[in-house]
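Everything on this sheet refers to the single structure shown next.
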Amino acid sequence: MTLPLLTPMVALPVVVAALLRDVDDGASAPGALRSHRARLAAAAALLVALALALNAVRAFDLAHAGPQGVEFVLGWLGLSMGPRLAVDSIVLPMLPVTVLLALAGIVGVPARAATTQHTRVVLLTCSGTLLMQCAADLDTFVVGWCASLLPAWFSARSREGLDRGAGGSARVLAVYLGLGALPLVVAAAVLHVASAEGGAMGSVLLYAQKSVELDPDTQEWVLLLLGVAALARKGMVPLHSWVPRLAERGSVALTTQLLGAHAGVLLLLRVAMPLLPDASRAVMVLIAGAAVLSASYGALMALGQRNLRRCLGWVAMSQSSLILLGVTTLNEHGLAGALLQCVGFSLAFAGVLWGAYFVEVRTGTADLARLGGLVGRMPVAAGLFFVAAAALVGLPGSMGFVADELLMHAALSTRPWIVAPVLLATGLNAITLYRAYTSTFLGRPRGRSRLDGPLPVTELVPRERWALIGLLTFMIAGGVFPQFLLALREAGVSALIDLGP
Amino acid sequence: MPSVEVLRVSTCVVFGAPLLAAATLGVASLARKRLLSERVAGGIARLALGLSFAASIVCVAVALQPSWQPVRMPLVEWFRVGDVAFEIALLGDRLTLVLLPLVSGLTLLATYFSGSYLHRDAGFLRFHLLISLFAAGMLWVVASASLEQLFVGWELVGVSSALLVGFFQERRAPTQAAVKVFTTYRLCDLGILLAVPALHHAVGSAELTLSGAEPAVYRLPAVAGAAGTWIALSILLGAIGKSAQLPAGSWLPRAMEGPTPSSALFYGGISVHAGVFLLLRSAPLLEASPLARVLVGLCGLATAVYAALVVRVQSDVKGTLAFATMAQVGVMFVEIAVGLYTLALVHLVSHAILRLYQFLRAPSALSDALAIDAALGLVDPSQRTAPARAGAPAQGPTGRFRVLRRYSYRIALDRVFLDTLQTNWLLGPVLALSRWLERWEQRWMERFEADDEAVPQEPEALGAPRSQP
C-alpha cells in the first residue's frame, strides 16, 4: 500500500454526502441532485470505497502483525500531522463489511423511502465507522466513534413531530449512546494526561507497542469507563434497551450499520488491551459476566416477542454478546472466534433485518400475530430470510458455526461456567428465529393485514433481491472457506495474546 | 487404483452427489420464474441418489476383499486455529459400510415413490431439494471421522427434517408441528455441541478411533471420571432428541404431518435411527460411565413401555406406525445399554427397511383392505359398521384389573400427558417470564416518549418511511 488509500476510502462517502442537496421538499437548488440520482451517486461512491477496502485486504502483508498503510489524513496536502489512519489484521475484514452494509442500506430501501436525507445519513455513518475502524491514534478513534453516532441522532431529531416515537428514539439514542460516548471521552482525556511527556500533550498512538503509565487504581477506573462505553455501544445488559428499540422502529440501514460496526469490541481490542494491559483481566471478568447475562436475557426476551423486528433486535443483542465473550477469554481460540463472529454476525443480522423490513413494507405490519402465509407470494424472500436466520444462529456452512465452535473451545479452557448459559441462549435464539420464520411466511394470516387489502404483496424486486443475495454470498463464502479470514487475523490475534495481562 | 483410493472417491460420491443436487435445486428455486420442470427436478434428485447408491455398493465391494482393513481417509483441513483443527476425513469401517447402502438405497426408494405421490404438487422441487439435502447430511453423519464433523451432517438432517414436517406450508398444523420438531432437535443438539469441546478438553480430540474391544469399528474414545459421565450424558441428550426417546419423544407423532415419503424416510427408515447410530459410535464412552449406560437403558425402556401403551389407542395408521417405531428404537437403546452392539445394528437395519415399507404402503393400505373384503364378499362396504375404538375398555377384565385398564386407557389417550406437562411446566413459565420482563422494558421505554403521545400514528422513525417498493 504505497498510495494513501485509506483516506479516500473514509472521505469519499462524506464528500458525496456533502454534495447532496435536499430536494425532497420541492426545493430546486441549482445543481441539486434528484434523490434517485443521489442514490446512484451514493451507491457509486460506496462501490469505489468497497474496491478500496478490498484492495487494502489484498495488499495486506499477512506475516506482519503491526499496523500497515499508516497515513495522515492531511497527507494528501503534504502535511505530516493531524489524524492518523492505519489498518491491522484485526480491523481489516471489517472494512469491506462496513461498506457493504452501507451499500445495502442505499440499495435496499424502497424508492419512496430513499430520500436524500436517508442517503446522506447512511453515507455519514459509514464514514464515521470507517474512521473509527482505521484510527491509528486515540483522538481519531474517539472522533470516529462519535461521528458514527451523530447522523442517527440528528436524523431522529429531524423527524421529531413527524413520526410517532421519533422524539423518543432520539432521546433513547442520546441517553444510551451518550452514556457510551461520555466515559470514552473522559477516559481518553485521562490517557492523554497520563501519556504527556514533559508537560506536552501529543497523540496517544494505538499501535505504539507501549502501555500508558498509570497507577493501578487509576488504571482500573479508566478501564471501568472504557468497559461502560463498550457495553453501552454493544448494547449489553444493563445498557441494552436501545438495541430492540432501534431494531423495531429505527431505519434498518442505520440499525445494521450501528450494530455491525462492533465499536465496543474495537474499543477493548484497540484501546483498552494495548494501552492498559495490566488491568485488563479484572475488567474482562465483569464484561464476561455482562455478556453472559445479555446472551441469556436477550434470548429469553426474544422468545416472547410479537413484533418481528423487535424480536430480531433481542436476538441480535443475544448473539452479539458472544463476540464480547470471545474477546474476554483472551486466548487464541476465543479471539479468533470473536473476530470471525464480528463479520458473520454483521452480514447475517443485516440479512434477517432487511428480510423483515421487506415484509413490513409490503404488509404494513411486523406483528407476528397478523402475519403468515407469505411464502406463496414471496418464496425467494422466505428462502433468503431462512438462510440468513440459520447463519445468525450458527448453523453449519455459516461463519457463526466456526466461530461458535472456537468460542466453546475457548470458554471451556478459561471460563467453563459460561458454556451452559451461552449454549442454551444460542439454542433458544435458533428456536425463536424458526418460530418467527414460520409465523411470518408459513400457515395463514391470523389477523387483518395488507394481505387482505387492495395492495398486492409481491416478491422482492431485483434491487432488494440483490441486496440480500450480496450480503448472504459474502456470508456463505466466509462460512465455507473460513480459513482465509482466520489466517488474515492470525497475526493480530497473536499480537493481542502477546500483550496479555 | 489402490482400494483405499477407490473407497475414498466412492465415499465422496456417496454424499457429494446428493449435496450437488441439493445445491442445484436450491439455486434453481431462487429464480423468479420456474426454471426446472417437475420431470427435470425429480430427475436430478433421482440421478444423484442413484449415483450415491451405486457408489455405496462400490464401497461395500471394496470392503469385501479379503485384505480389507478399516480405514480413516483424510480429505482436507477445513480450518485451524492453534491446536484446534477441523479436519474433514471419511471412515471406511464396518458401521459405515453397512449404513451407507442402507441410507442411500432407502432414500432412493422414497424419492422414486414421491415422484408419483407428489405429482403436480406446488412444492415438488422443494421436496426434492430437501430430500437431497437430508441424504447428503445423513450420509455425511455415517461417514464422519469425528464428532464435530458428524455434527455438521446432524444439523443438516435436523433442518431438512423440520422443513419437511412443515412441507404443507399453507396449513397451520404442519407448521406448528415443524416448530415442535425443530425446538426438540435444537435443544437436544446442544448436548453434542457441548460434547465436542469437552472431548477436546478431556482427551485432546473428538476424533473417532479404532476401539480395542471391536477393532472393525471406529468409536469415540473412552473418558474416565466425572468428565466422561458428563460427555456421555451430553451425547445421550443428542441421541434421545433425534431418536424420539423419552422425555423428548413427544414430537414424533406430530411429525407425521409431513408428506408420507418423508415420514417414511425420516421417522420410519433413517433419521429416527440416527440416535442409535450415535450411541453405537459412543460405546466406549458409555462403557466408561455406568450412570450414562443405565440412563440409556432407562430412556429406552420407558419409551418402549410408553409407546406400547399409547399405540393401543391410535386410530390412524401413521400415528400407529410412529409409536411402533418409538417402541422399537427404545428396544435398540436397551440393547446398546446392555452391550449388544451387533444386535442393535442388525435390529436397526431390519427395522429401517420394514418400517419404510410400512409407511410407504400406509396410504393405500385402507383401499387394499376394502378391495380384499369386497373380493372375498365378506362385507359390503356401504354396510360396514364402524369398529370399536382400538383398546376401548368396553369388554375387559373385571375387578381391579378393569380399573387399571380404564386408567391406562385414559392415560394412553392423552399420551401420558407429555405434551401437557411440557407446555404447562416448561414452555408456559418461560413465555410468561419473557412477557412479564417485556412489560417492564416497555414501561421503561415509555419514559422516553412521553412527549410523543399527541403525534399521529406512524410506526417508522429515524428516517425510514414505509412504502411499497
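In the C-alpha cells, chains take the letters A, B, ... in the order shown, each chain's residues start at 1, and ligands count up from 1 in the order shown.
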Inset, instruction - Quick one: everything within 7 Å of stretch 135-146 of chain B, counting only C-alpha atoms, minus sequence neighbours fewer than 6 positions away in the same chain. Send it as number ranges by chain. - result: B: 15-16, 18-19, 89-91, 96, 99-100, 103-104, 107, 153-154, 156-157, 206-208
Legend entry - Selection: 6 Å around stretch 288-304 of chain A, only C-alpha atoms, excl. self and same-chain fewer than 2 positions, as a ChimeraX atom specification: /A:236-237,284-286,311,314-315,317-318,321,325,328,425,428-429,432 /B:431,434-435
Legend entry - Non-local contacts of A:Tyr207 (10 Å; only C-alpha atoms; under 5 positions in same chain excluded) as a VMD selection string: chain A and resid 66 to 67 86 88 135 to 138 270 to 271 274 to 275
Store the residues of this selection in a file with C-alpha atoms, as a PDB file, in the first residue's frame.
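Written output follows (result13.pdb):
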ATOM      1  CA  GLY A  66       1.622  -4.403  13.241  1.00  0.00           C
ATOM      2  CA  PRO A  67      -0.267  -1.615  11.517  1.00  0.00           C
ATOM      3  CA  ALA A  86      -3.828   2.592   9.590  1.00  0.00           C
ATOM      4  CA  ASP A  88      -4.118  -4.094  11.096  1.00  0.00           C
ATOM      5  CA  ALA A 135      -7.929   5.160  13.528  1.00  0.00           C
ATOM      6  CA  ALA A 136      -4.274   4.900  14.460  1.00  0.00           C
ATOM      7  CA  ASP A 137      -4.494   7.296  17.404  1.00  0.00           C
ATOM      8  CA  LEU A 138      -6.907   7.715  20.258  1.00  0.00           C
ATOM      9  CA  ARG A 270      -7.527  -1.455  20.102  1.00  0.00           C
ATOM     10  CA  VAL A 271      -7.604   0.840  23.131  1.00  0.00           C
ATOM     11  CA  PRO A 274      -2.856  -2.340  24.217  1.00  0.00           C
ATOM     12  CA  LEU A 275      -2.782   0.773  26.403  1.00  0.00           C
TER      13      LEU A 275
END
Inset, instruction - Run DSSP on the backbone of this structure and report the residues of stretch 87-261 of chain B it assigns to strand (DSSP E), as a list of chain:residue names. - result: B:Glu87, B:Ile88, B:Ala89, B:Leu90, B:Leu91, B:Gly92, B:Thr209, B:Leu210, B:Tyr218, B:Arg219
Inset, instruction - Considering only C-alpha atoms, state which residue in the set A:Leu254, A:Ala366, A:Leu179, A:Leu266 is at the smallest distance from A:His240. - result: A:Leu179
Inset, instruction - Mind checking which residues fall within 10 Å of A:Phe345, counting only C-alpha atoms, ignoring those fewer than 5 positions away in the same chain, and posting them as number ranges by chain? - result: A: 259-260, 262, 316, 319-320, 322-323, 338-340, 350-351, 388, 391-394, 398-400, 403, 475
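One finds atom CA of A:Pro238 at 27.4 Å from atom CA of A:Ile90.
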Which neighbours of A:Pro151 fall inside 7 Å, counting only C-alpha atoms, when residues of the same chain fewer than 5 positions from it are skipped, and could you give them as a compact mmCIF listing (two decimals) with C-alpha atoms, in the first residue's frame?
# COMPACT_ATOMS: atom_id res chain seq x y z
CA VAL A 121 -27.22 9.72 6.93
CA LEU A 124 -22.03 9.79 7.04
CA THR A 125 -22.49 6.82 9.36
